[in-house]
2 protein chains.
Amino acid sequence: MHRVKVRVVEDALDANNTIAAANRADFDRDNVTVLNLMSAPGAGKTTLLVEALPNLEGVRAGVLEGDVAGSLDADRLADVHVPVTQLNTDQGFGGECHLDANMVRSALPSLPLSELDLLVIENVGNLVCPAEFRVGEDARAMVSSVTEGEDKPLKYPLMFRACELVILNKVDLLPHLDFDVEKFLYHLDGVHPGVPHLLVSARTGEGMDELRDWLEKLASRAGAPA
Amino acid sequence: MHRVKVRVVEDALDANNTIAAANRADFDRDNVTVLNLMSAPGAGKTTLLVEALPNLEGVRAGVLEGDVAGSLDADRLADVHVPVTQLNTDQGFGGECHLDANMVRSALPSLPLSELDLLVIENVGNLVCPAEFRVGEDARAMVSSVTEGEDKPLKYPLMFRACELVILNKVDLLPHLDFDVEKFLYHLDGVHPGVPHLLVSARTGEGMDELRDWLEKLASRAGAPA
């Protein structure tokens, strides 16, 4: 008699990635494309979403809003009729400086997934840890504000490497700053060669059509036959 | 015969605070006052130090520069002849998003403590975790830039509560922003009633004399007899 072959599991995922895969399966079931949006505090993520999401063509967009405390950003999105769920990391999650797959999973029952084509997960404002935790997203984008200086790709390389799109925001302030766009793009290319980027001002609308195009194309991915 | 009384240790410190106390003892031995300086990425900590530290009256100031990667900020301080040591969190510290007491301790042998009156520890740019780790400092200050929006005290309350001084930087940009200083100060007072604040522009020099005064007064603390 032959012994039963012992199966060896060699590529077990860590807990975060296991839960991220479970989130991914839930998103797939409802055909929802998910974007993990990251930036430093005050780079303008929420304002970009307030301007972009209500005007997407043929894309029903919702937001999972991650913050340490409060619901200021969620309130702003609700004001423009974007379905939004607030996830605070200081209640039950120890004031974490990032979202992880488990926190996102805890919010899934509060999200109207079946009514969405695109879910944007607005991460906690932080240029370090959010880049280390997958949450089940299709893509990651990050916002860098021209007021933060052109050295940021060199100082936070993992964040700039982790994303599929870099949005350089607040370009309306360039005349009042010493920020050198070419230098920023040179540093960006050094840490993440070829990554797409957009120059945007949520305030003047510059570059917002391109951002909407990008979001619409991203959302159409899920509609394609697998 | 009486039994020897058993001593019960009830207030053991956690590892971070134990090491912070050891750092503190080393700082005291050399009469060095230590400031832990925190902010979001790009709020202007280094520029403030480059402008303030070389011009302090009767205070020999040095910097421990914390970054995930690179030595850009340390290079800028070295250019103006401020003694500076770079501490990178991505080598041996797992790319941490903050400094803790152990990281600072590992840098002590590289610091010319006996030649300093004031050591500024420039933390990693992050509004969450740096506030959770004491490193043996005398005081904590944080920089908030007007470009980040006036809601930051509400969104990152622990950081604004943890410090003895709030420096509102880049006020030269106010004419070009929708930032409401009174609203910021109202929110600040809500989370940390009575905390001193300075309105500063490292670029135009506005408020820099007041910042130098504050640093000089802080450094004079260590000179006082214990």
# chains A, B, ... in the order shown; residues from 1 in each chain; ligands from 1
>>> calpha_fit_rmsd(fixed="chain B", moving="chain A")
0.1 Å
>>> select_by_dssp(residues="stretch 78-156 of chain A", states="helix (DSSP H, G or I)", output="list in words")
Ala78, Asp79, Ala101, Asn102, Met103, Val104, Arg105, Ser106, Ala107, Leu108, Pro109, Ser110, Leu113, Ser114, Glu115, Cys129, Pro130, Ala131, Glu132, Val146, Thr147, Glu148, Lys152, Pro153, Leu154 and Lys155 of chain A
>>> closest_atom_pairs(of="chain B", to="chain A", cutoff="6 Å", atoms="only C-alpha atoms", output="tab-separated table")
residue	atom	partner	partner_atom	distance
B:Gly42	CA	A:Glu148	CA	3.9
B:Ala69	CA	A:Lys155	CA	5.3
B:Cys97	CA	A:Val128	CA	5.7
B:Asn126	CA	A:Asn126	CA	5.9
B:Val128	CA	A:Cys97	CA	5.7
B:Glu148	CA	A:Gly42	CA	3.9
B:Lys155	CA	A:Ala69	CA	5.3
>>> atom_distance(atom1="atom CA of B:Leu198", atom2="atom CA of A:Asp178")
23.1 Å
